[in-house]
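Engineer: The structure file final_12.cif (mmCIF, N, CA and C atoms) is provided below.
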data_protein
loop_
_atom_site.label_atom_id
_atom_site.label_comp_id
_atom_site.auth_asym_id
_atom_site.auth_seq_id
_atom_site.Cartn_x
_atom_site.Cartn_y
_atom_site.Cartn_z
N MET Y 1 11.97 -3.89 13.23
CA MET Y 1 10.75 -3.12 13.07
C MET Y 1 11.04 -1.63 13.25
N GLU Y 2 11.89 -1.31 14.21
CA GLU Y 2 12.20 0.09 14.46
C GLU Y 2 12.91 0.74 13.27
N ARG Y 3 13.79 -0.01 12.62
CA ARG Y 3 14.55 0.51 11.49
C ARG Y 3 13.64 0.89 10.32
N GLU Y 4 12.55 0.16 10.14
CA GLU Y 4 11.66 0.39 9.00
C GLU Y 4 10.39 1.15 9.38
N GLU Y 5 10.34 1.69 10.59
CA GLU Y 5 9.14 2.37 11.06
C GLU Y 5 8.72 3.52 10.14
N ARG Y 6 9.66 4.36 9.76
CA ARG Y 6 9.33 5.54 8.95
C ARG Y 6 8.71 5.13 7.61
N GLN Y 7 9.26 4.09 7.00
CA GLN Y 7 8.74 3.62 5.72
C GLN Y 7 7.41 2.87 5.91
N ASP Y 8 7.39 1.90 6.80
CA ASP Y 8 6.25 1.00 6.91
C ASP Y 8 5.07 1.56 7.70
N LEU Y 9 5.34 2.31 8.74
CA LEU Y 9 4.25 2.82 9.57
C LEU Y 9 3.85 4.25 9.24
N ARG Y 10 4.82 5.08 8.92
CA ARG Y 10 4.55 6.50 8.65
C ARG Y 10 4.38 6.79 7.17
N LEU Y 11 4.57 5.79 6.31
CA LEU Y 11 4.38 5.88 4.86
C LEU Y 11 5.29 6.90 4.18
N TYR Y 12 6.58 6.78 4.41
CA TYR Y 12 7.54 7.61 3.68
C TYR Y 12 8.22 6.76 2.62
N GLY Y 13 8.25 7.30 1.41
CA GLY Y 13 8.97 6.70 0.30
C GLY Y 13 10.08 7.66 -0.09
N GLN Y 14 10.41 7.64 -1.36
CA GLN Y 14 11.44 8.55 -1.84
C GLN Y 14 11.13 8.97 -3.26
N ARG Y 15 11.63 10.15 -3.63
CA ARG Y 15 11.47 10.69 -4.98
C ARG Y 15 12.86 10.80 -5.60
N CYS Y 16 12.99 10.31 -6.82
CA CYS Y 16 14.26 10.34 -7.52
C CYS Y 16 14.62 11.79 -7.87
N ALA Y 17 15.85 12.20 -7.54
CA ALA Y 17 16.31 13.56 -7.82
C ALA Y 17 16.48 13.79 -9.32
N ALA Y 18 16.76 12.75 -10.09
CA ALA Y 18 17.00 12.89 -11.52
C ALA Y 18 15.72 12.98 -12.35
N CYS Y 19 14.75 12.09 -12.08
CA CYS Y 19 13.55 12.05 -12.94
C CYS Y 19 12.25 12.33 -12.21
N GLY Y 20 12.26 12.36 -10.87
CA GLY Y 20 11.06 12.67 -10.09
C GLY Y 20 10.15 11.49 -9.81
N ALA Y 21 10.55 10.27 -10.19
CA ALA Y 21 9.72 9.09 -9.95
C ALA Y 21 9.65 8.78 -8.45
N THR Y 22 8.46 8.43 -7.99
CA THR Y 22 8.27 8.05 -6.59
C THR Y 22 8.59 6.57 -6.42
N GLN Y 23 9.30 6.25 -5.35
CA GLN Y 23 9.70 4.87 -5.06
C GLN Y 23 9.08 4.44 -3.73
N TYR Y 24 8.43 3.29 -3.71
CA TYR Y 24 7.99 2.67 -2.48
C TYR Y 24 7.83 1.18 -2.74
N PRO Y 25 8.44 0.34 -1.97
CA PRO Y 25 9.32 0.66 -0.86
C PRO Y 25 10.62 1.30 -1.36
N ARG Y 26 11.40 1.80 -0.41
CA ARG Y 26 12.65 2.48 -0.76
C ARG Y 26 13.58 1.54 -1.52
N ARG Y 27 14.34 2.13 -2.44
CA ARG Y 27 15.27 1.36 -3.28
C ARG Y 27 16.63 2.04 -3.29
N HIS Y 28 17.60 1.32 -3.81
CA HIS Y 28 18.94 1.90 -3.96
C HIS Y 28 19.12 2.51 -5.35
N VAL Y 29 18.30 2.04 -6.32
CA VAL Y 29 18.39 2.50 -7.70
C VAL Y 29 16.98 2.80 -8.19
N CYS Y 30 16.80 3.94 -8.87
CA CYS Y 30 15.49 4.34 -9.38
C CYS Y 30 14.97 3.32 -10.41
N TRP Y 31 13.71 2.96 -10.29
CA TRP Y 31 13.09 2.01 -11.21
C TRP Y 31 12.92 2.60 -12.61
N ARG Y 32 12.88 3.92 -12.72
CA ARG Y 32 12.64 4.54 -14.02
C ARG Y 32 13.93 4.90 -14.76
N CYS Y 33 14.89 5.53 -14.06
CA CYS Y 33 16.07 6.06 -14.75
C CYS Y 33 17.41 5.53 -14.23
N SER Y 34 17.36 4.66 -13.23
CA SER Y 34 18.56 4.11 -12.59
C SER Y 34 19.36 5.13 -11.79
N GLY Y 35 18.73 6.27 -11.47
CA GLY Y 35 19.38 7.27 -10.62
C GLY Y 35 19.62 6.73 -9.23
N LYS Y 36 20.56 7.37 -8.52
CA LYS Y 36 20.91 6.88 -7.18
C LYS Y 36 20.78 7.94 -6.11
N GLU Y 37 20.21 9.10 -6.43
CA GLU Y 37 20.01 10.15 -5.44
C GLU Y 37 18.51 10.36 -5.25
N PHE Y 38 18.11 10.42 -3.96
CA PHE Y 38 16.69 10.49 -3.65
C PHE Y 38 16.42 11.52 -2.56
N ALA Y 39 15.21 12.05 -2.56
CA ALA Y 39 14.72 12.90 -1.48
C ALA Y 39 13.55 12.16 -0.83
N GLU Y 40 13.41 12.30 0.47
CA GLU Y 40 12.31 11.65 1.18
C GLU Y 40 10.98 12.26 0.76
N GLN Y 41 9.96 11.42 0.65
CA GLN Y 41 8.63 11.87 0.25
C GLN Y 41 7.57 11.14 1.06
N ARG Y 42 6.66 11.89 1.63
CA ARG Y 42 5.53 11.28 2.34
C ARG Y 42 4.49 10.87 1.31
N LEU Y 43 4.00 9.65 1.44
CA LEU Y 43 3.02 9.13 0.49
C LEU Y 43 1.61 9.54 0.90
N SER Y 44 0.77 9.72 -0.10
CA SER Y 44 -0.64 9.99 0.14
C SER Y 44 -1.31 8.71 0.62
N ARG Y 45 -2.38 8.84 1.35
CA ARG Y 45 -3.16 7.67 1.77
C ARG Y 45 -4.34 7.44 0.83
N LEU Y 46 -4.47 8.25 -0.20
CA LEU Y 46 -5.56 8.13 -1.15
C LEU Y 46 -5.04 7.66 -2.50
N GLY Y 47 -5.84 6.84 -3.18
CA GLY Y 47 -5.43 6.36 -4.49
C GLY Y 47 -6.59 5.75 -5.25
N ARG Y 48 -6.25 5.16 -6.39
CA ARG Y 48 -7.23 4.49 -7.24
C ARG Y 48 -6.69 3.13 -7.65
N VAL Y 49 -7.57 2.13 -7.67
CA VAL Y 49 -7.16 0.76 -7.99
C VAL Y 49 -6.56 0.71 -9.40
N PHE Y 50 -5.35 0.18 -9.47
CA PHE Y 50 -4.68 -0.07 -10.75
C PHE Y 50 -4.99 -1.49 -11.22
N THR Y 51 -4.87 -2.46 -10.30
CA THR Y 51 -5.20 -3.84 -10.60
C THR Y 51 -5.55 -4.56 -9.30
N PHE Y 52 -6.17 -5.73 -9.41
CA PHE Y 52 -6.56 -6.48 -8.21
C PHE Y 52 -6.69 -7.95 -8.53
N THR Y 53 -6.70 -8.76 -7.49
CA THR Y 53 -6.93 -10.19 -7.63
C THR Y 53 -7.75 -10.67 -6.44
N LYS Y 54 -8.53 -11.71 -6.65
CA LYS Y 54 -9.34 -12.31 -5.58
C LYS Y 54 -8.84 -13.73 -5.36
N ASP Y 55 -8.28 -13.97 -4.18
CA ASP Y 55 -7.67 -15.25 -3.86
C ASP Y 55 -8.64 -16.08 -3.02
N HIS Y 56 -9.12 -17.17 -3.59
CA HIS Y 56 -10.07 -18.05 -2.89
C HIS Y 56 -9.37 -19.20 -2.17
N LEU Y 57 -8.03 -19.31 -2.30
CA LEU Y 57 -7.30 -20.43 -1.72
C LEU Y 57 -6.62 -20.11 -0.41
N VAL Y 58 -6.21 -18.87 -0.21
CA VAL Y 58 -5.52 -18.50 1.02
C VAL Y 58 -6.49 -18.60 2.20
N PRO Y 59 -6.07 -19.16 3.33
CA PRO Y 59 -6.96 -19.25 4.48
C PRO Y 59 -7.42 -17.85 4.94
N SER Y 60 -8.71 -17.69 5.07
CA SER Y 60 -9.28 -16.39 5.43
C SER Y 60 -10.60 -16.61 6.16
N PRO Y 61 -10.88 -15.79 7.18
CA PRO Y 61 -12.16 -15.93 7.86
C PRO Y 61 -13.33 -15.46 7.00
N ASP Y 62 -13.03 -14.68 5.96
CA ASP Y 62 -14.08 -14.15 5.09
C ASP Y 62 -13.59 -14.15 3.64
N PRO Y 63 -13.50 -15.34 3.01
CA PRO Y 63 -12.96 -15.40 1.65
C PRO Y 63 -13.88 -14.71 0.64
N PRO Y 64 -13.36 -14.25 -0.47
CA PRO Y 64 -11.98 -14.33 -0.90
C PRO Y 64 -11.14 -13.19 -0.31
N THR Y 65 -9.82 -13.39 -0.26
CA THR Y 65 -8.91 -12.33 0.11
C THR Y 65 -8.64 -11.50 -1.14
N VAL Y 66 -8.96 -10.21 -1.09
CA VAL Y 66 -8.77 -9.34 -2.25
C VAL Y 66 -7.48 -8.55 -2.05
N MET Y 67 -6.57 -8.64 -3.02
CA MET Y 67 -5.32 -7.90 -3.01
C MET Y 67 -5.40 -6.82 -4.08
N LEU Y 68 -4.99 -5.60 -3.71
CA LEU Y 68 -5.07 -4.46 -4.62
C LEU Y 68 -3.70 -3.84 -4.83
N ALA Y 69 -3.46 -3.35 -6.02
CA ALA Y 69 -2.36 -2.44 -6.30
C ALA Y 69 -3.03 -1.15 -6.71
N ALA Y 70 -2.73 -0.06 -6.01
CA ALA Y 70 -3.37 1.21 -6.29
C ALA Y 70 -2.32 2.29 -6.53
N ASP Y 71 -2.60 3.16 -7.51
CA ASP Y 71 -1.76 4.32 -7.75
C ASP Y 71 -2.17 5.40 -6.76
N LEU Y 72 -1.19 5.88 -5.98
CA LEU Y 72 -1.46 6.88 -4.95
C LEU Y 72 -1.41 8.28 -5.53
N GLU Y 73 -2.22 9.17 -4.97
CA GLU Y 73 -2.18 10.58 -5.37
C GLU Y 73 -0.78 11.12 -5.10
N GLY Y 74 -0.22 11.84 -6.03
CA GLY Y 74 1.11 12.41 -5.84
C GLY Y 74 2.24 11.47 -6.20
N GLY Y 75 1.92 10.23 -6.61
CA GLY Y 75 2.93 9.29 -7.06
C GLY Y 75 3.09 8.10 -6.15
N GLY Y 76 3.54 7.02 -6.75
CA GLY Y 76 3.77 5.78 -6.03
C GLY Y 76 2.64 4.79 -6.26
N ARG Y 77 2.97 3.54 -6.09
CA ARG Y 77 1.98 2.47 -6.20
C ARG Y 77 2.14 1.60 -4.97
N PHE Y 78 1.03 1.22 -4.34
CA PHE Y 78 1.03 0.46 -3.09
C PHE Y 78 0.22 -0.81 -3.30
N TYR Y 79 0.73 -1.93 -2.75
CA TYR Y 79 0.08 -3.23 -2.89
C TYR Y 79 -0.26 -3.78 -1.51
N THR Y 80 -1.52 -4.07 -1.26
CA THR Y 80 -1.93 -4.64 0.02
C THR Y 80 -3.35 -5.19 -0.09
N GLN Y 81 -3.89 -5.68 1.02
CA GLN Y 81 -5.23 -6.28 1.07
C GLN Y 81 -6.33 -5.22 1.09
N LEU Y 82 -7.52 -5.65 0.69
CA LEU Y 82 -8.73 -4.85 0.82
C LEU Y 82 -9.40 -5.20 2.14
N THR Y 83 -9.97 -4.19 2.80
CA THR Y 83 -10.77 -4.41 4.00
C THR Y 83 -12.02 -3.55 3.89
N ASP Y 84 -13.04 -3.88 4.66
CA ASP Y 84 -14.27 -3.08 4.75
C ASP Y 84 -14.94 -2.86 3.40
N GLY Y 85 -14.80 -3.82 2.49
CA GLY Y 85 -15.41 -3.66 1.18
C GLY Y 85 -15.94 -4.97 0.65
N ASP Y 86 -16.89 -4.86 -0.24
CA ASP Y 86 -17.48 -6.02 -0.90
C ASP Y 86 -16.56 -6.47 -2.03
N PRO Y 87 -16.04 -7.71 -1.99
CA PRO Y 87 -15.16 -8.17 -3.05
C PRO Y 87 -15.79 -8.06 -4.45
N ASP Y 88 -17.11 -8.21 -4.54
CA ASP Y 88 -17.77 -8.13 -5.83
C ASP Y 88 -17.86 -6.70 -6.36
N ALA Y 89 -17.66 -5.71 -5.50
CA ALA Y 89 -17.76 -4.31 -5.92
C ALA Y 89 -16.42 -3.70 -6.33
N VAL Y 90 -15.33 -4.48 -6.22
CA VAL Y 90 -14.01 -3.95 -6.59
C VAL Y 90 -13.91 -3.85 -8.11
N THR Y 91 -13.48 -2.69 -8.58
CA THR Y 91 -13.30 -2.44 -10.01
C THR Y 91 -12.02 -1.65 -10.22
N PHE Y 92 -11.56 -1.62 -11.45
CA PHE Y 92 -10.43 -0.78 -11.80
C PHE Y 92 -10.81 0.68 -11.59
N ASP Y 93 -9.89 1.49 -11.12
CA ASP Y 93 -10.06 2.92 -10.90
C ASP Y 93 -10.96 3.24 -9.70
N LEU Y 94 -11.30 2.24 -8.88
CA LEU Y 94 -12.09 2.46 -7.67
C LEU Y 94 -11.29 3.34 -6.70
N PRO Y 95 -11.86 4.43 -6.17
CA PRO Y 95 -11.14 5.25 -5.19
C PRO Y 95 -11.01 4.48 -3.86
N VAL Y 96 -9.79 4.46 -3.32
CA VAL Y 96 -9.51 3.76 -2.08
C VAL Y 96 -8.66 4.64 -1.17
N GLU Y 97 -8.64 4.27 0.11
CA GLU Y 97 -7.76 4.95 1.06
C GLU Y 97 -7.08 3.90 1.92
N LEU Y 98 -5.88 4.24 2.39
CA LEU Y 98 -5.14 3.35 3.27
C LEU Y 98 -5.61 3.52 4.70
N THR Y 99 -5.77 2.41 5.40
CA THR Y 99 -6.16 2.42 6.80
C THR Y 99 -5.27 1.41 7.53
N PHE Y 100 -4.88 1.72 8.75
CA PHE Y 100 -3.95 0.89 9.52
C PHE Y 100 -4.74 -0.17 10.26
N ARG Y 101 -4.48 -1.44 9.96
CA ARG Y 101 -5.28 -2.53 10.52
C ARG Y 101 -4.42 -3.71 10.96
N ARG Y 102 -5.02 -4.59 11.74
CA ARG Y 102 -4.37 -5.85 12.12
C ARG Y 102 -4.22 -6.68 10.85
N PHE Y 103 -3.01 -7.15 10.61
CA PHE Y 103 -2.72 -7.87 9.37
C PHE Y 103 -2.66 -9.38 9.60
N HIS Y 104 -1.90 -9.79 10.62
CA HIS Y 104 -1.80 -11.21 10.96
C HIS Y 104 -1.12 -11.35 12.32
N GLU Y 105 -1.07 -12.57 12.82
CA GLU Y 105 -0.37 -12.86 14.07
C GLU Y 105 0.77 -13.81 13.77
N GLY Y 106 1.88 -13.61 14.48
CA GLY Y 106 3.03 -14.49 14.29
C GLY Y 106 4.04 -14.26 15.39
N GLY Y 107 4.64 -15.32 15.88
CA GLY Y 107 5.65 -15.20 16.91
C GLY Y 107 5.11 -14.60 18.19
N GLY Y 108 3.84 -14.81 18.46
CA GLY Y 108 3.24 -14.27 19.68
C GLY Y 108 2.91 -12.78 19.60
N LEU Y 109 3.04 -12.19 18.40
CA LEU Y 109 2.74 -10.77 18.23
C LEU Y 109 1.60 -10.56 17.24
N ALA Y 110 0.81 -9.56 17.51
CA ALA Y 110 -0.19 -9.11 16.53
C ALA Y 110 0.52 -8.10 15.63
N ASN Y 111 0.52 -8.36 14.33
CA ASN Y 111 1.19 -7.49 13.37
C ASN Y 111 0.16 -6.61 12.66
N TYR Y 112 0.46 -5.33 12.62
CA TYR Y 112 -0.41 -4.36 11.98
C TYR Y 112 0.28 -3.80 10.74
N PHE Y 113 -0.51 -3.46 9.72
CA PHE Y 113 0.02 -2.85 8.51
C PHE Y 113 -1.13 -2.16 7.79
N TRP Y 114 -0.83 -1.55 6.70
CA TRP Y 114 -1.81 -0.80 5.92
C TRP Y 114 -2.65 -1.73 5.06
N LYS Y 115 -3.94 -1.44 4.99
CA LYS Y 115 -4.87 -2.11 4.08
C LYS Y 115 -5.66 -1.02 3.36
N PHE Y 116 -6.15 -1.34 2.17
CA PHE Y 116 -7.01 -0.41 1.45
C PHE Y 116 -8.47 -0.66 1.82
N ARG Y 117 -9.24 0.40 1.87
CA ARG Y 117 -10.68 0.29 1.97
C ARG Y 117 -11.29 1.23 0.94
N PRO Y 118 -12.47 0.90 0.43
CA PRO Y 118 -13.12 1.79 -0.53
C PRO Y 118 -13.36 3.16 0.10
N LEU Y 119 -13.13 4.18 -0.67
CA LEU Y 119 -13.33 5.56 -0.20
C LEU Y 119 -14.81 5.90 -0.37
N LEU Y 120 -15.50 6.09 0.74
CA LEU Y 120 -16.93 6.34 0.71
C LEU Y 120 -17.23 7.72 0.15
N GLY Y 121 -18.24 7.80 -0.68
CA GLY Y 121 -18.69 9.08 -1.21
C GLY Y 121 -17.83 9.61 -2.35
N ALA Y 122 -16.86 8.84 -2.82
CA ALA Y 122 -16.01 9.30 -3.92
C ALA Y 122 -16.49 8.66 -5.22
N SER Y 123 -16.12 9.30 -6.29
CA SER Y 123 -16.48 8.75 -7.60
C SER Y 123 -15.29 8.73 -8.52
#
What does the file become when written as structure tokens?

Structural biologist:
Amino acid sequence: MEREERQDLRLYGQRCAACGATQYPRRHVCWRCSGKEFAEQRLSRLGRVFTFTKDHLVPSPDPPTVMLAADLEGGGRFYTQLTDGDPDAVTFDLPVELTFRRFHEGGGLANYFWKFRPLLGAS
């Protein structure tokens, strides 16, 4: 957990030195141009829904579990759960923000990670 703290908790990705593409999670080879040199980049916590799915089969205290992939401001795409939102109100291009929340429990630990929530007052 300590090794991945900067990426997973502080939201740092990387930008390709050759083409400028943002990478998250970190990679050894650029997804766009196959470059191998990167600069560290802090990711925005704001974005817009690119795609989503509603899972009615996964165990959840409040089904369905909504999973979002959102394009972040300044580059990068992030995939995680929706929280604090009505599953029926999720649409493409919905403004969202990342919020740090309890994700699940395992091995006697409460695990926290980022979830998206609808950005209030945005259009």

Engineer: Neighbours of Ala39 (chain Y) within 8 Å (all atoms listed in the file; same-chain residues fewer than 3 positions away dropped), as a compact mmCIF listing (two decimals) with N, CA and C atoms, in the frame of the given file?

Structural biologist:
# COMPACT_ATOMS: atom_id res chain seq x y z
N GLY Y 13 8.25 7.30 1.41
CA GLY Y 13 8.97 6.70 0.30
C GLY Y 13 10.08 7.66 -0.09
N GLN Y 14 10.41 7.64 -1.36
CA GLN Y 14 11.44 8.55 -1.84
C GLN Y 14 11.13 8.97 -3.26
N ARG Y 15 11.63 10.15 -3.63
CA ARG Y 15 11.47 10.69 -4.98
C ARG Y 15 12.86 10.80 -5.60
N CYS Y 16 12.99 10.31 -6.82
CA CYS Y 16 14.26 10.34 -7.52
C CYS Y 16 14.62 11.79 -7.87
N ALA Y 17 15.85 12.20 -7.54
CA ALA Y 17 16.31 13.56 -7.82
C ALA Y 17 16.48 13.79 -9.32
N ALA Y 18 16.76 12.75 -10.09
CA ALA Y 18 17.00 12.89 -11.52
C ALA Y 18 15.72 12.98 -12.35
N LYS Y 36 20.56 7.37 -8.52
CA LYS Y 36 20.91 6.88 -7.18
C LYS Y 36 20.78 7.94 -6.11
N ARG Y 42 6.66 11.89 1.63
CA ARG Y 42 5.53 11.28 2.34
C ARG Y 42 4.49 10.87 1.31

Engineer: Which of chain Y counts as strand (DSSP E) under DSSP, as an NGL selection string please?

Structural biologist: :Y and (12-16 or 22-23 or 38-42 or 46-55 or 65-72 or 77-81 or 95-106 or 109-118)

Engineer: What is the CA of Glu97 (chain Y)-atom N of Lys115 (chain Y) distance in Å, reported with one decimal?

Structural biologist: 8.4 Å

Engineer: Mind checking which residues fall within 6.5 Å of Leu43 (chain Y), counting all atoms listed in the file, ignoring those fewer than 4 positions away in the same chain, and posting them as a VMD selection string?

Structural biologist: chain Y and resid 10 to 13

Engineer: Using DSSP assignments from the backbone, pull out every residue in chain Y that falls under alpha helix (DSSP H) and give it to me as an NGL selection string.

Structural biologist: :Y and (5-8)

Engineer: How about saving the chosen residues, N, CA and C atoms kept, as a CSV table (one decimal), in the coordinates of the input?

Structural biologist:
chain,number,residue,atom,x,y,z
Y,5,GLU,N,10.3,1.7,10.6
Y,5,GLU,CA,9.1,2.4,11.1
Y,5,GLU,C,8.7,3.5,10.1
Y,6,ARG,N,9.7,4.4,9.8
Y,6,ARG,CA,9.3,5.5,9.0
Y,6,ARG,C,8.7,5.1,7.6
Y,7,GLN,N,9.3,4.1,7.0
Y,7,GLN,CA,8.7,3.6,5.7
Y,7,GLN,C,7.4,2.9,5.9
Y,8,ASP,N,7.4,1.9,6.8
Y,8,ASP,CA,6.2,1.0,6.9
Y,8,ASP,C,5.1,1.6,7.7

Engineer: With all heavy atoms as the atom set, please write region 105-115 of chain Y from the structure just given, as a PDB file, in the first residue's frame.

Structural biologist:
ATOM      1  N   GLU Y 105     -14.343  -3.974   2.741  1.00  0.00           N
ATOM      2  CA  GLU Y 105     -13.569  -4.511   3.855  1.00  0.00           C
ATOM      3  C   GLU Y 105     -12.978  -5.842   3.431  1.00  0.00           C
ATOM      4  O   GLU Y 105     -13.595  -6.603   2.696  1.00  0.00           O
ATOM      5  CB  GLU Y 105     -14.455  -4.715   5.080  1.00  0.00           C
ATOM      6  CG  GLU Y 105     -14.931  -3.422   5.685  1.00  0.00           C
ATOM      7  CD  GLU Y 105     -15.762  -3.636   6.936  1.00  0.00           C
ATOM      8  OE1 GLU Y 105     -15.595  -4.683   7.595  1.00  0.00           O
ATOM      9  OE2 GLU Y 105     -16.569  -2.764   7.239  1.00  0.00           O
ATOM     10  N   GLY Y 106     -11.751  -6.095   3.898  1.00  0.00           N
ATOM     11  CA  GLY Y 106     -11.100  -7.360   3.576  1.00  0.00           C
ATOM     12  C   GLY Y 106      -9.877  -7.549   4.447  1.00  0.00           C
ATOM     13  O   GLY Y 106      -9.160  -6.596   4.725  1.00  0.00           O
ATOM     14  N   GLY Y 107      -9.651  -8.754   4.901  1.00  0.00           N
ATOM     15  CA  GLY Y 107      -8.490  -9.043   5.717  1.00  0.00           C
ATOM     16  C   GLY Y 107      -8.476  -8.275   7.021  1.00  0.00           C
ATOM     17  O   GLY Y 107      -7.417  -7.940   7.548  1.00  0.00           O
ATOM     18  N   GLY Y 108      -9.647  -7.964   7.536  1.00  0.00           N
ATOM     19  CA  GLY Y 108      -9.734  -7.223   8.794  1.00  0.00           C
ATOM     20  C   GLY Y 108      -9.462  -5.731   8.655  1.00  0.00           C
ATOM     21  O   GLY Y 108      -9.342  -5.032   9.649  1.00  0.00           O
ATOM     22  N   LEU Y 109      -9.367  -5.243   7.412  1.00  0.00           N
ATOM     23  CA  LEU Y 109      -9.111  -3.821   7.175  1.00  0.00           C
ATOM     24  C   LEU Y 109     -10.257  -3.183   6.407  1.00  0.00           C
ATOM     25  O   LEU Y 109     -10.839  -3.803   5.522  1.00  0.00           O
ATOM     26  CB  LEU Y 109      -7.833  -3.636   6.341  1.00  0.00           C
ATOM     27  CG  LEU Y 109      -6.518  -4.068   6.965  1.00  0.00           C
ATOM     28  CD1 LEU Y 109      -5.413  -3.987   5.929  1.00  0.00           C
ATOM     29  CD2 LEU Y 109      -6.190  -3.188   8.154  1.00  0.00           C
ATOM     30  N   ALA Y 110     -10.528  -1.941   6.728  1.00  0.00           N
ATOM     31  CA  ALA Y 110     -11.449  -1.142   5.916  1.00  0.00           C
ATOM     32  C   ALA Y 110     -10.603  -0.499   4.823  1.00  0.00           C
ATOM     33  O   ALA Y 110      -9.601   0.149   5.104  1.00  0.00           O
ATOM     34  CB  ALA Y 110     -12.126  -0.078   6.759  1.00  0.00           C
ATOM     35  N   ASN Y 111     -10.966  -0.732   3.572  1.00  0.00           N
ATOM     36  CA  ASN Y 111     -10.223  -0.207   2.439  1.00  0.00           C
ATOM     37  C   ASN Y 111     -10.946   1.007   1.862  1.00  0.00           C
ATOM     38  O   ASN Y 111     -12.147   0.955   1.602  1.00  0.00           O
ATOM     39  CB  ASN Y 111     -10.070  -1.283   1.365  1.00  0.00           C
ATOM     40  CG  ASN Y 111      -9.207  -2.422   1.843  1.00  0.00           C
ATOM     41  OD1 ASN Y 111      -7.995  -2.300   1.869  1.00  0.00           O
ATOM     42  ND2 ASN Y 111      -9.828  -3.517   2.254  1.00  0.00           N
ATOM     43  N   TYR Y 112     -10.186   2.063   1.657  1.00  0.00           N
ATOM     44  CA  TYR Y 112     -10.723   3.300   1.110  1.00  0.00           C
ATOM     45  C   TYR Y 112     -10.139   3.537  -0.281  1.00  0.00           C
ATOM     46  O   TYR Y 112      -9.002   3.169  -0.558  1.00  0.00           O
ATOM     47  CB  TYR Y 112     -10.360   4.485   2.014  1.00  0.00           C
ATOM     48  CG  TYR Y 112     -11.100   4.455   3.321  1.00  0.00           C
ATOM     49  CD1 TYR Y 112     -10.674   3.647   4.365  1.00  0.00           C
ATOM     50  CD2 TYR Y 112     -12.240   5.226   3.508  1.00  0.00           C
ATOM     51  CE1 TYR Y 112     -11.356   3.605   5.568  1.00  0.00           C
ATOM     52  CE2 TYR Y 112     -12.935   5.194   4.706  1.00  0.00           C
ATOM     53  CZ  TYR Y 112     -12.482   4.389   5.731  1.00  0.00           C
ATOM     54  OH  TYR Y 112     -13.163   4.349   6.913  1.00  0.00           O
ATOM     55  N   PHE Y 113     -10.924   4.152  -1.153  1.00  0.00           N
ATOM     56  CA  PHE Y 113     -10.459   4.500  -2.488  1.00  0.00           C
ATOM     57  C   PHE Y 113     -11.373   5.592  -3.035  1.00  0.00           C
ATOM     58  O   PHE Y 113     -12.328   6.011  -2.389  1.00  0.00           O
ATOM     59  CB  PHE Y 113     -10.456   3.264  -3.409  1.00  0.00           C
ATOM     60  CG  PHE Y 113      -9.677   3.462  -4.680  1.00  0.00           C
ATOM     61  CD1 PHE Y 113      -8.312   3.653  -4.648  1.00  0.00           C
ATOM     62  CD2 PHE Y 113     -10.326   3.463  -5.898  1.00  0.00           C
ATOM     63  CE1 PHE Y 113      -7.585   3.839  -5.817  1.00  0.00           C
ATOM     64  CE2 PHE Y 113      -9.618   3.642  -7.071  1.00  0.00           C
ATOM     65  CZ  PHE Y 113      -8.246   3.828  -7.035  1.00  0.00           C
ATOM     66  N   TRP Y 114     -11.083   6.032  -4.218  1.00  0.00           N
ATOM     67  CA  TRP Y 114     -11.835   7.103  -4.854  1.00  0.00           C
ATOM     68  C   TRP Y 114     -13.130   6.582  -5.465  1.00  0.00           C
ATOM     69  O   TRP Y 114     -13.155   5.522  -6.068  1.00  0.00           O
ATOM     70  CB  TRP Y 114     -10.982   7.754  -5.932  1.00  0.00           C
ATOM     71  CG  TRP Y 114      -9.762   8.378  -5.374  1.00  0.00           C
ATOM     72  CD1 TRP Y 114      -8.514   7.837  -5.320  1.00  0.00           C
ATOM     73  CD2 TRP Y 114      -9.679   9.649  -4.737  1.00  0.00           C
ATOM     74  NE1 TRP Y 114      -7.647   8.699  -4.689  1.00  0.00           N
ATOM     75  CE2 TRP Y 114      -8.336   9.824  -4.326  1.00  0.00           C
ATOM     76  CE3 TRP Y 114     -10.592  10.667  -4.473  1.00  0.00           C
ATOM     77  CZ2 TRP Y 114      -7.897  10.961  -3.677  1.00  0.00           C
ATOM     78  CZ3 TRP Y 114     -10.156  11.799  -3.825  1.00  0.00           C
ATOM     79  CH2 TRP Y 114      -8.831  11.941  -3.438  1.00  0.00           C
ATOM     80  N   LYS Y 115     -14.190   7.364  -5.317  1.00  0.00           N
ATOM     81  CA  LYS Y 115     -15.465   7.119  -5.981  1.00  0.00           C
ATOM     82  C   LYS Y 115     -15.897   8.429  -6.630  1.00  0.00           C
ATOM     83  O   LYS Y 115     -15.516   9.514  -6.189  1.00  0.00           O
ATOM     84  CB  LYS Y 115     -16.545   6.676  -4.985  1.00  0.00           C
ATOM     85  CG  LYS Y 115     -16.300   5.315  -4.379  1.00  0.00           C
ATOM     86  CD  LYS Y 115     -17.472   4.902  -3.499  1.00  0.00           C
ATOM     87  CE  LYS Y 115     -17.245   3.525  -2.894  1.00  0.00           C
ATOM     88  NZ  LYS Y 115     -18.438   3.078  -2.155  1.00  0.00           N
TER      89      LYS Y 115
END
